[in-house]
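S.K.: Got a file for you: data.csv, CSV, C-alpha atoms.
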```
chain,number,residue,atom,x,y,z
A,1,MET,CA,1.7,63.3,19.6
A,2,ASN,CA,-0.3,60.1,19.3
A,3,LYS,CA,1.2,56.8,18.1
A,4,ASN,CA,-0.4,57.1,14.6
A,5,THR,CA,1.1,60.5,14.1
A,6,SER,CA,4.6,59.2,15.1
A,7,ILE,CA,4.3,56.3,12.6
A,8,LEU,CA,3.2,58.7,9.9
A,9,GLN,CA,6.0,61.0,10.6
A,10,LYS,CA,8.5,58.2,10.5
A,11,ALA,CA,7.1,56.9,7.2
A,12,PHE,CA,7.4,60.3,5.6
A,13,GLN,CA,11.0,61.0,6.6
A,14,PRO,CA,12.8,63.3,5.7
A,15,LEU,CA,9.7,65.4,5.3
A,16,GLN,CA,9.8,68.6,7.5
A,17,LEU,CA,6.6,70.6,7.9
A,18,ASP,CA,5.8,73.7,10.0
A,19,ALA,CA,3.2,73.4,12.8
A,20,GLU,CA,0.3,74.6,10.7
A,21,LYS,CA,1.0,72.4,7.7
A,22,HIS,CA,1.8,69.5,10.1
A,23,HIS,CA,-1.7,69.7,11.6
A,24,LEU,CA,-3.4,70.0,8.2
A,25,PHE,CA,-1.5,67.0,6.8
A,26,PHE,CA,-2.1,64.7,9.7
A,27,GLU,CA,-5.8,65.4,10.0
A,28,GLN,CA,-6.4,64.3,6.4
A,29,TRP,CA,-5.8,60.6,7.1
A,30,GLU,CA,-8.5,58.1,7.8
A,31,GLU,CA,-7.8,55.0,9.9
A,32,ILE,CA,-9.3,51.6,8.9
A,33,GLU,CA,-9.2,48.1,10.2
A,34,VAL,CA,-9.4,45.1,7.9
A,35,PRO,CA,-9.5,41.4,8.7
A,36,ARG,CA,-7.0,38.8,7.5
A,37,HIS,CA,-7.3,37.8,3.8
A,38,SER,CA,-9.3,40.9,2.8
A,39,PHE,CA,-8.6,42.7,-0.5
A,40,LEU,CA,-7.6,46.3,-0.2
A,41,THR,CA,-7.4,46.4,-4.0
A,42,GLU,CA,-8.3,43.9,-6.7
A,43,ALA,CA,-7.0,43.4,-10.2
A,44,GLY,CA,-9.4,45.1,-12.6
A,45,SER,CA,-10.5,47.7,-10.0
A,46,THR,CA,-9.0,51.2,-9.6
A,47,GLU,CA,-6.9,52.0,-6.5
A,48,ARG,CA,-8.6,54.8,-4.5
A,49,TRP,CA,-6.2,55.1,-1.6
A,50,PHE,CA,-2.6,55.6,-0.6
A,51,TYR,CA,-1.8,53.8,2.6
A,52,VAL,CA,0.5,53.8,5.6
A,53,VAL,CA,0.5,50.6,7.5
A,54,LEU,CA,0.0,50.9,11.3
A,55,GLU,CA,-0.1,47.2,11.9
A,56,GLY,CA,-0.2,44.0,9.9
A,57,ILE,CA,1.2,42.5,6.7
A,58,GLN,CA,-0.1,42.9,3.2
A,59,THR,CA,1.0,41.3,-0.1
A,60,ILE,CA,0.8,42.6,-3.6
A,61,TYR,CA,0.6,40.0,-6.3
A,62,ILE,CA,-0.4,39.4,-9.9
A,63,ILE,CA,-2.4,36.4,-11.3
A,64,ASP,CA,-0.6,35.3,-14.4
A,65,GLN,CA,-2.2,33.8,-17.6
A,66,LYS,CA,-2.1,30.3,-16.1
A,67,GLY,CA,-3.9,31.5,-13.0
A,68,ASP,CA,-0.8,31.3,-10.8
A,69,GLN,CA,-0.2,33.8,-8.1
A,70,LYS,CA,3.1,35.8,-8.4
A,71,VAL,CA,4.0,37.9,-5.4
A,72,ILE,CA,5.5,41.3,-6.3
A,73,GLY,CA,6.1,42.6,-2.8
A,74,PHE,CA,4.9,43.2,0.8
A,75,SER,CA,4.0,46.0,3.0
A,76,PHE,CA,4.1,46.0,6.8
A,77,ASP,CA,4.2,48.1,10.0
A,78,GLY,CA,5.4,51.6,9.2
A,79,SER,CA,5.6,51.2,5.4
A,80,PHE,CA,3.6,52.7,2.5
A,81,SER,CA,1.1,50.5,0.8
A,82,GLY,CA,-1.4,50.5,-2.1
A,83,VAL,CA,-1.2,49.9,-5.8
A,84,TYR,CA,0.6,53.1,-6.6
A,85,ASP,CA,0.5,53.0,-10.5
A,86,SER,CA,-3.3,52.5,-10.4
A,87,PHE,CA,-3.6,55.2,-7.8
A,88,VAL,CA,-1.8,57.9,-9.5
A,89,GLN,CA,-3.0,57.1,-13.0
A,90,GLN,CA,-6.6,56.2,-11.9
A,91,LYS,CA,-6.5,53.2,-14.2
A,92,PRO,CA,-7.6,49.6,-13.3
A,93,SER,CA,-5.0,47.7,-11.3
A,94,ALA,CA,-3.1,44.7,-12.7
A,95,TYR,CA,-2.5,43.6,-9.1
A,96,PHE,CA,-4.2,42.4,-6.0
A,97,LEU,CA,-3.4,43.9,-2.6
A,98,GLU,CA,-4.4,41.5,0.2
A,99,THR,CA,-4.0,41.5,3.9
A,100,LEU,CA,-2.1,38.4,5.2
A,101,THR,CA,-2.8,39.3,8.8
A,102,PRO,CA,-5.5,41.5,10.5
A,103,SER,CA,-4.4,45.0,9.6
A,104,ARG,CA,-4.8,48.6,10.7
A,105,LEU,CA,-3.9,51.3,8.1
A,106,LEU,CA,-4.1,55.0,7.5
A,107,ARG,CA,-5.3,56.0,4.1
A,108,ILE,CA,-5.7,59.1,2.0
A,109,GLY,CA,-7.4,59.8,-1.4
A,110,LEU,CA,-5.9,61.1,-4.6
A,111,ASN,CA,-7.2,64.6,-4.3
A,112,HIS,CA,-5.6,65.1,-0.9
A,113,TYR,CA,-2.4,63.4,-2.1
A,114,ASN,CA,-2.1,65.6,-5.1
A,115,SER,CA,-2.9,68.7,-3.1
A,116,TRP,CA,0.2,68.2,-1.0
A,117,PHE,CA,2.4,68.4,-4.1
A,118,GLU,CA,0.4,71.4,-5.4
A,119,ASN,CA,0.4,73.4,-2.2
A,120,TYR,CA,3.6,72.4,-0.3
A,121,PRO,CA,7.0,72.5,-1.9
A,122,GLU,CA,8.3,70.3,0.9
A,123,PHE,CA,6.5,67.4,-0.7
A,124,GLU,CA,8.3,67.9,-4.0
A,125,ARG,CA,11.5,67.1,-2.3
A,126,TRP,CA,10.0,64.2,-0.4
A,127,GLY,CA,8.5,62.9,-3.6
A,128,ARG,CA,11.8,63.1,-5.5
A,129,ILE,CA,13.6,61.1,-2.8
A,130,VAL,CA,10.8,58.5,-2.4
A,131,HIS,CA,10.4,57.9,-6.2
A,132,LEU,CA,14.2,57.6,-6.5
A,133,GLU,CA,14.3,55.0,-3.7
A,134,LEU,CA,11.4,53.1,-5.4
A,135,LEU,CA,13.1,53.1,-8.8
A,136,VAL,CA,16.5,52.0,-7.4
A,137,GLY,CA,14.7,49.3,-5.4
A,138,ARG,CA,12.8,48.0,-8.4
A,139,VAL,CA,15.9,47.9,-10.6
A,140,GLN,CA,17.9,46.0,-7.9
A,141,ARG,CA,15.1,43.5,-7.7
A,142,GLU,CA,14.9,43.1,-11.4
A,143,VAL,CA,18.7,42.5,-11.6
A,144,GLU,CA,18.5,40.0,-8.8
A,145,LEU,CA,15.6,38.1,-10.4
A,146,THR,CA,17.4,37.9,-13.7
A,147,THR,CA,21.0,37.3,-12.7
A,148,SER,CA,21.0,35.5,-9.3
A,149,THR,CA,20.6,31.8,-8.6
A,150,ALA,CA,17.7,30.7,-6.4
A,151,LYS,CA,20.2,30.1,-3.5
A,152,GLU,CA,21.7,33.6,-3.9
A,153,ARG,CA,18.2,35.1,-3.9
A,154,PHE,CA,17.3,33.2,-0.8
A,155,GLU,CA,20.5,34.2,1.0
A,156,SER,CA,20.1,37.9,0.1
A,157,PHE,CA,16.5,37.9,1.1
A,158,VAL,CA,17.1,36.2,4.5
A,159,ASN,CA,19.8,38.7,5.3
A,160,ARG,CA,17.6,41.7,4.7
A,161,CYS,CA,14.2,40.2,5.5
A,162,PRO,CA,12.2,42.6,7.8
A,163,GLU,CA,11.2,40.9,11.0
A,164,PRO,CA,7.4,40.9,10.4
A,165,LEU,CA,7.8,38.9,7.2
A,166,LYS,CA,9.3,36.0,9.1
A,167,THR,CA,5.8,35.1,10.4
A,168,ILE,CA,3.9,34.7,7.1
A,169,PRO,CA,3.3,31.4,5.2
A,170,GLN,CA,6.4,30.4,3.2
A,171,LYS,CA,4.5,30.1,-0.1
A,172,TYR,CA,4.3,33.9,-0.3
A,173,LEU,CA,8.0,34.3,0.3
A,174,ALA,CA,8.8,31.5,-2.1
A,175,SER,CA,6.7,33.2,-4.8
A,176,TYR,CA,8.4,36.6,-4.1
A,177,LEU,CA,11.8,34.9,-4.7
A,178,ASN,CA,10.5,33.2,-7.8
A,179,MET,CA,11.0,29.7,-6.5
A,180,THR,CA,8.7,26.8,-5.5
A,181,PRO,CA,7.7,26.5,-1.9
A,182,GLU,CA,9.5,23.1,-1.8
A,183,THR,CA,12.8,24.8,-2.9
A,184,TYR,CA,12.3,27.6,-0.3
A,185,SER,CA,11.6,25.0,2.4
A,186,ARG,CA,14.7,23.0,1.5
A,187,MET,CA,17.0,26.1,1.6
A,188,ARG,CA,15.5,27.1,4.9
A,189,LYS,CA,16.2,23.7,6.4
A,190,ASN,CA,19.8,23.7,5.0
A,191,ARG,CA,20.5,27.1,6.6
A,192,MET,CA,19.3,26.0,10.1
B,1,MET,CA,-7.8,20.8,-24.4
B,2,GLY,CA,-6.4,21.2,-20.8
B,3,LYS,CA,-8.2,21.1,-17.5
B,4,VAL,CA,-10.5,23.9,-16.3
B,5,ILE,CA,-8.6,25.3,-13.3
B,6,ILE,CA,-10.6,27.5,-11.0
B,7,GLN,CA,-9.0,30.1,-8.9
B,8,ALA,CA,-10.9,32.7,-6.8
B,9,GLU,CA,-8.6,35.7,-7.5
B,10,ASN,CA,-8.6,35.0,-11.2
B,11,GLN,CA,-12.4,35.0,-11.1
B,12,LEU,CA,-12.5,38.3,-9.2
B,13,LYS,CA,-10.2,39.9,-11.8
B,14,ARG,CA,-12.4,38.7,-14.6
B,15,ILE,CA,-15.6,39.9,-12.9
B,16,ASN,CA,-14.0,43.3,-12.4
B,17,GLU,CA,-13.0,43.4,-16.1
B,18,LEU,CA,-16.5,42.4,-17.2
B,19,ALA,CA,-18.0,45.1,-15.0
B,20,ASN,CA,-15.6,47.7,-16.4
B,21,ARG,CA,-16.6,46.8,-20.0
B,22,ILE,CA,-20.4,46.7,-19.2
B,23,LYS,CA,-20.1,50.1,-17.5
B,24,GLU,CA,-18.7,51.5,-20.8
B,25,THR,CA,-21.8,50.3,-22.7
B,26,ARG,CA,-23.9,52.7,-20.5
B,27,GLU,CA,-22.2,55.5,-22.5
B,28,LEU,CA,-23.1,54.1,-25.9
B,29,PRO,CA,-25.8,55.9,-28.0
B,30,LEU,CA,-29.2,54.3,-27.5
B,31,GLU,CA,-29.5,53.1,-31.1
B,32,LYS,CA,-26.3,51.1,-30.8
B,33,LEU,CA,-27.7,49.2,-27.9
B,34,ILE,CA,-31.1,48.3,-29.4
B,35,GLN,CA,-30.1,47.7,-33.0
B,36,ARG,CA,-29.9,44.0,-34.0
B,37,PRO,CA,-27.0,43.2,-36.3
B,38,LYS,CA,-29.2,40.6,-38.1
B,39,GLU,CA,-32.9,40.0,-38.0
B,40,LYS,CA,-32.6,36.9,-35.8
B,41,SER,CA,-29.7,38.1,-33.7
B,42,TRP,CA,-29.8,39.8,-30.3
B,43,CYS,CA,-29.0,43.4,-29.9
B,44,VAL,CA,-26.5,44.5,-27.1
B,45,LEU,CA,-29.3,45.2,-24.6
B,46,GLU,CA,-30.8,41.8,-25.2
B,47,VAL,CA,-27.5,40.1,-24.6
B,48,ILE,CA,-27.1,42.0,-21.4
B,49,LYS,CA,-30.6,41.0,-20.3
B,50,HIS,CA,-29.8,37.4,-21.2
B,51,MET,CA,-26.7,37.4,-18.9
B,52,SER,CA,-28.9,38.5,-16.0
B,53,LEU,CA,-31.4,35.8,-16.7
B,54,GLY,CA,-28.6,33.2,-17.0
B,55,GLN,CA,-27.5,34.0,-13.4
B,56,ASP,CA,-30.9,34.3,-11.8
B,57,PRO,CA,-31.4,30.6,-11.1
B,58,TYR,CA,-27.9,30.3,-9.6
B,59,ASN,CA,-28.2,33.1,-7.0
B,60,PRO,CA,-30.5,31.3,-4.5
B,61,LYS,CA,-28.6,28.0,-5.1
B,62,ILE,CA,-25.2,29.6,-4.4
B,63,ASP,CA,-26.6,31.6,-1.4
B,64,LYS,CA,-27.9,28.3,0.1
B,65,ALA,CA,-24.7,26.4,-0.5
B,66,LEU,CA,-22.5,29.1,1.0
B,67,SER,CA,-24.6,29.1,4.2
B,68,TYR,CA,-24.0,25.4,4.5
B,69,LEU,CA,-20.2,25.4,3.8
B,70,PRO,CA,-17.9,25.4,6.7
B,71,SER,CA,-15.3,28.2,6.9
B,72,SER,CA,-11.6,27.6,6.2
B,73,GLU,CA,-8.6,29.2,7.9
B,74,GLU,CA,-6.7,29.4,4.7
B,75,VAL,CA,-7.6,30.8,1.3
B,76,MET,CA,-8.8,28.1,-1.2
B,77,ASN,CA,-6.1,26.9,-3.6
B,78,SER,CA,-6.9,26.5,-7.2
B,79,ILE,CA,-9.1,23.5,-8.0
B,80,PRO,CA,-9.9,21.7,-11.2
B,81,ALA,CA,-13.6,21.7,-12.4
B,82,LYS,CA,-15.1,18.2,-12.6
B,83,GLY,CA,-17.6,16.2,-14.7
B,84,MET,CA,-19.9,17.5,-17.3
B,85,GLY,CA,-19.7,21.0,-16.0
B,86,ALA,CA,-16.0,21.1,-16.9
B,87,LEU,CA,-16.7,19.8,-20.4
B,88,MET,CA,-19.3,22.5,-20.9
B,89,MET,CA,-17.0,25.3,-19.6
B,90,LYS,CA,-14.2,24.2,-22.0
B,91,GLN,CA,-16.6,24.7,-24.9
B,92,PHE,CA,-17.5,28.2,-23.7
B,93,VAL,CA,-14.2,29.9,-24.4
B,94,PRO,CA,-14.3,32.0,-27.6
B,95,THR,CA,-11.3,31.6,-30.0
B,96,GLU,CA,-8.5,34.1,-30.0
B,97,SER,CA,-10.1,35.7,-33.1
B,98,GLY,CA,-13.3,36.2,-31.2
B,99,LYS,CA,-15.3,33.4,-32.9
B,100,ILE,CA,-17.8,31.8,-30.6
B,101,LYS,CA,-17.7,28.0,-30.6
B,102,LEU,CA,-20.5,25.6,-29.7
B,103,LYS,CA,-23.4,27.9,-30.5
B,104,MET,CA,-26.5,26.5,-28.8
B,105,LYS,CA,-30.2,27.1,-28.7
B,106,THR,CA,-31.3,29.2,-25.7
B,107,PHE,CA,-33.8,27.7,-23.3
B,108,ARG,CA,-37.0,29.7,-23.4
B,109,ARG,CA,-36.7,30.9,-19.8
B,110,PHE,CA,-33.3,32.5,-20.6
B,111,GLN,CA,-34.5,34.3,-23.7
B,112,PRO,CA,-34.6,38.1,-23.3
B,113,VAL,CA,-38.1,39.1,-24.1
B,114,MET,CA,-38.4,42.8,-24.6
B,115,ASP,CA,-40.2,45.2,-26.8
B,116,LEU,CA,-37.3,47.1,-28.3
B,117,SER,CA,-39.6,49.6,-30.0
B,118,SER,CA,-40.8,50.8,-26.5
B,119,ILE,CA,-37.2,51.5,-25.4
B,120,ASN,CA,-36.8,55.1,-26.4
B,121,ASN,CA,-34.8,56.6,-23.6
B,122,LYS,CA,-31.5,56.0,-21.8
B,123,GLU,CA,-33.2,55.5,-18.5
B,124,ALA,CA,-34.9,52.3,-19.6
B,125,VAL,CA,-31.5,51.1,-21.0
B,126,HIS,CA,-29.7,51.9,-17.8
B,127,THR,CA,-32.2,49.9,-15.7
B,128,ILE,CA,-31.3,46.8,-17.7
B,129,ILE,CA,-27.6,47.4,-17.6
B,130,ASP,CA,-27.6,48.3,-13.9
B,131,GLU,CA,-29.5,45.1,-13.1
B,132,PHE,CA,-26.7,43.1,-14.7
B,133,LEU,CA,-24.1,45.1,-12.9
B,134,GLN,CA,-25.9,44.2,-9.6
B,135,HIS,CA,-25.7,40.5,-10.7
B,136,LEU,CA,-22.0,40.9,-11.2
B,137,GLN,CA,-21.6,42.5,-7.8
B,138,LYS,CA,-23.5,39.6,-6.3
B,139,LEU,CA,-21.2,37.2,-8.2
B,140,HIS,CA,-18.2,39.1,-6.8
B,141,THR,CA,-19.5,38.6,-3.3
B,142,PHE,CA,-20.0,34.9,-3.9
B,143,VAL,CA,-16.4,34.5,-4.9
B,144,GLU,CA,-15.1,36.6,-1.9
B,145,ASP,CA,-17.2,34.3,0.4
B,146,TYR,CA,-16.3,31.0,-1.0
B,147,ARG,CA,-12.5,31.6,-1.1
B,148,LEU,CA,-12.5,31.2,2.7
B,149,LYS,CA,-14.8,28.2,2.7
B,150,LYS,CA,-14.4,24.4,2.2
B,151,VAL,CA,-16.0,24.7,-1.2
B,152,GLU,CA,-15.8,21.1,-2.3
B,153,GLN,CA,-18.1,19.9,0.4
B,154,LYS,CA,-21.4,20.8,-1.3
B,155,ARG,CA,-22.6,20.3,-4.9
B,156,PHE,CA,-26.0,21.3,-6.4
B,157,ASN,CA,-27.8,20.9,-9.7
B,158,SER,CA,-27.1,23.4,-12.4
B,159,ALA,CA,-29.8,25.5,-14.0
B,160,ILE,CA,-30.3,22.8,-16.7
B,161,GLY,CA,-30.8,20.0,-14.2
B,162,ALA,CA,-29.1,17.1,-12.4
B,163,MET,CA,-27.0,16.1,-15.5
B,164,VAL,CA,-24.6,18.9,-14.6
B,165,ARG,CA,-23.8,19.5,-11.0
B,166,PHE,CA,-21.6,22.2,-9.6
B,167,ASN,CA,-19.9,23.3,-6.4
B,168,VAL,CA,-20.0,27.1,-5.7
B,169,ALA,CA,-16.6,27.7,-7.3
B,170,GLU,CA,-17.6,25.8,-10.4
B,171,ALA,CA,-20.9,27.6,-10.6
B,172,CYS,CA,-19.2,30.9,-10.4
B,173,GLU,CA,-16.7,29.9,-13.1
B,174,PHE,CA,-19.6,28.7,-15.3
B,175,ILE,CA,-21.4,32.0,-14.9
B,176,ILE,CA,-18.2,34.0,-15.6
B,177,ARG,CA,-17.4,32.0,-18.7
B,178,HIS,CA,-21.0,32.4,-19.9
B,179,ASN,CA,-20.7,36.1,-19.5
B,180,GLU,CA,-17.3,36.3,-21.2
B,181,ARG,CA,-18.8,34.4,-24.1
B,182,HIS,CA,-21.6,36.9,-24.4
B,183,LEU,CA,-19.3,39.9,-23.9
B,184,GLN,CA,-17.5,38.6,-27.0
B,185,GLN,CA,-20.9,38.5,-28.7
B,186,ILE,CA,-21.4,42.2,-27.7
B,187,GLU,CA,-18.0,43.1,-29.1
B,188,ASN,CA,-18.8,41.3,-32.4
B,189,THR,CA,-22.2,43.0,-32.6
B,190,LEU,CA,-20.8,46.4,-32.0
B,191,ASN,CA,-18.1,45.7,-34.7
B,192,THR,CA,-20.8,44.6,-37.2
B,193,LEU,CA,-22.8,47.8,-36.5
B,194,ASP,CA,-19.7,49.9,-36.9
B,195,SER,CA,-18.7,48.3,-40.2
B,196,SER,CA,-22.2,48.6,-41.6
B,197,GLU,CA,-22.1,52.4,-40.9
B,198,ARG,CA,-19.0,52.9,-43.0
```
Could you show the structure in this file as structure tokens?

M.R.:
Amino acid sequence: MNKNTSILQKAFQPLQLDAEKHHLFFEQWEEIEVPRHSFLTEAGSTERWFYVVLEGIQTIYIIDQKGDQKVIGFSFDGSFSGVYDSFVQQKPSAYFLETLTPSRLLRIGLNHYNSWFENYPEFERWGRIVHLELLVGRVQREVELTTSTAKERFESFVNRCPEPLKTIPQKYLASYLNMTPETYSRMRKNRM
Amino acid sequence: MGKVIIQAENQLKRINELANRIKETRELPLEKLIQRPKEKSWCVLEVIKHMSLGQDPYNPKIDKALSYLPSSEEVMNSIPAKGMGALMMKQFVPTESGKIKLKMKTFRRFQPVMDLSSINNKEAVHTIIDEFLQHLQKLHTFVEDYRLKKVEQKRFNSAIGAMVRFNVAEACEFIIRHNERHLQQIENTLNTLDSSER
């Protein structure tokens, strides 16, 4: 098993496939390399791919009416990536998906993605679990953004912050936590 | 009226939205595209041709400026537009009700000269629409390029001369606003044609 296959398998846990399906599934992915600060998807364009990140950090953000960037989330080594709503609905994206570091990703198109659900019942179970996790995660974040203070959001994030995200410019993390870079920087200093 | 703030990602989003809307016009019936709402007004196809003509003089200027600009490690932050260019851009924005302010006479070289009676098939129409879509694609590439360059280091004359000078980001903003203004004109034209059918 090569390294990419092992990353894919880990990303798709708890999916279990027999040897034949396993082979078919893994050979459908295409590997790409993109430089830092490239757009994988742009607002106004339609997402064509579902990604698994092999290496690198990407951010998903929206440009608000005033032209300010509001970070919605990140993807990094071993996680899924892409603008999922645009991908499944094939409608123009409201978000940008941009690489913050040079990135290697595996990607797959909608026809292949849909064919898993149509042909393999194992994916129905995987899909149910993943969509549930996504929903719970989004609700938790919404509650945190509407009820927690900036300090509480900062502390909560620092405690669960995945290692790769500690290397990216603070302005992205500050925006994700809905605070100014200055507030983020002050809190970080106070914590040291 | 506030400042004109330029931001690369915001421009890309608007270029994509313009392209999406223009692609939809490809599917309109031929008569809707070549019918003038009033005798002296442009039809949809003439507006689209005018948008291509409006960008033409900027393409070589922007290409040249981009080749001169040094690269930047970081993505460009938002910048305010300056000078006369900023003033013009402010006037370009249509009102919320779709009314176009500051109507101006078009310079002769930007006038879409075409014999509408000779346009009798979709292929001829598509050539004009696709030409503009290629312009939008070029504009998109300009924005992608300049967001990783030190854009404020080079200014050049606008298409109307030295009275208005732009850096690349301002020139792109000017073109986008010009296009958005004319997209509104297209919507107004289509609405007029629709209501005259009823």

S.K.: Measuring between all atoms listed in the file, which one of B:His140, B:Arg108, B:Lys32, B:Arg177 shows the shortest distance to chain A?

M.R.: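 Answer, going by the shortest atom-to-atom distance: B:His140.
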
S.K.: Residues within 12 Å of range 160-163 of chain A, please, as a list in words. Count only C-alpha atoms; anything in the same chain fewer than 2 positions from it doesn't count.

M.R.: Gly56, Ile57, Gly73, Phe74, Ser75, Phe76, Asp77, Gly78, Ser79, Arg153, Phe154, Glu155, Ser156, Phe157, Val158, Leu165, Lys166, Thr167, Ile168, Leu173, Tyr176 and Leu177 of chain A

S.K.: Taking only C-alpha atoms into account, which of A:Trp126, A:Tyr184, A:Phe117, A:Phe39 comes nearest Val83 in chain A?

M.R.: A:Phe39

S.K.: Kindly extract all protein, DNA and RNA residues lying within 12 Å of the coordinates (-7.0, 56.8, 8.5) given in the file, considering all atoms listed in the file, and supply them as a list in words.

M.R.: Asn4, Thr5, Leu8, Phe25, Phe26, Glu27, Gln28, Trp29, Glu30, Glu31, Ile32, Glu33, Val34, Trp49, Phe50, Tyr51, Val52, Val53, Leu54, Arg104, Leu105, Leu106, Arg107, Ile108 and Gly109 of chain A

S.K.: For chain A, which residues have at least one atom within 12 Å of chain B, if we go by all atoms listed in the file? Write them as an NGL selection string, please.

M.R.: :A and (36-39 or 41-46 or 61-70 or 91-101 or 169 or 171)

S.K.: When you look at His126 in chain B with a cut-off of 12 Å (counting all atoms listed in the file), what residues show up, excluding the ones that are within fewer than 3 positions of it in the same chain? I need them as JSON, numbers by chain.

M.R.: {"B": [22, 23, 24, 25, 26, 27, 28, 29, 30, 33, 45, 48, 49, 119, 120, 121, 122, 123, 129, 130, 131, 132, 133, 134]}

S.K.: In Å, with one decimal, what is the gap from CA of Arg138 in chain A to CA of Ser6 in chain A?

M.R.: 27.3 Å

S.K.: Grab the CA of Val125 in chain B to CA of Glu31 in chain B distance for me, in Å with one decimal place.

M.R.: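 About the pair CA of Val125 in chain B and CA of Glu31 in chain B: they are 10.5 Å apart.
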
S.K.: Given the choices B:Ala124, B:Val168, B:Ile160, B:Ile186, which gets closest to Lys64 in chain B if the distance is worked out from all atoms listed in the file?

M.R.: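 Smallest distance to Lys64 in chain B is found for B:Val168.
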
S.K.: Take CA of Gln9 in chain A and CA of Tyr120 in chain A and report the distance between them in Å, one decimal.

M.R.: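 Here the two named atoms are 16.0 Å from each other.
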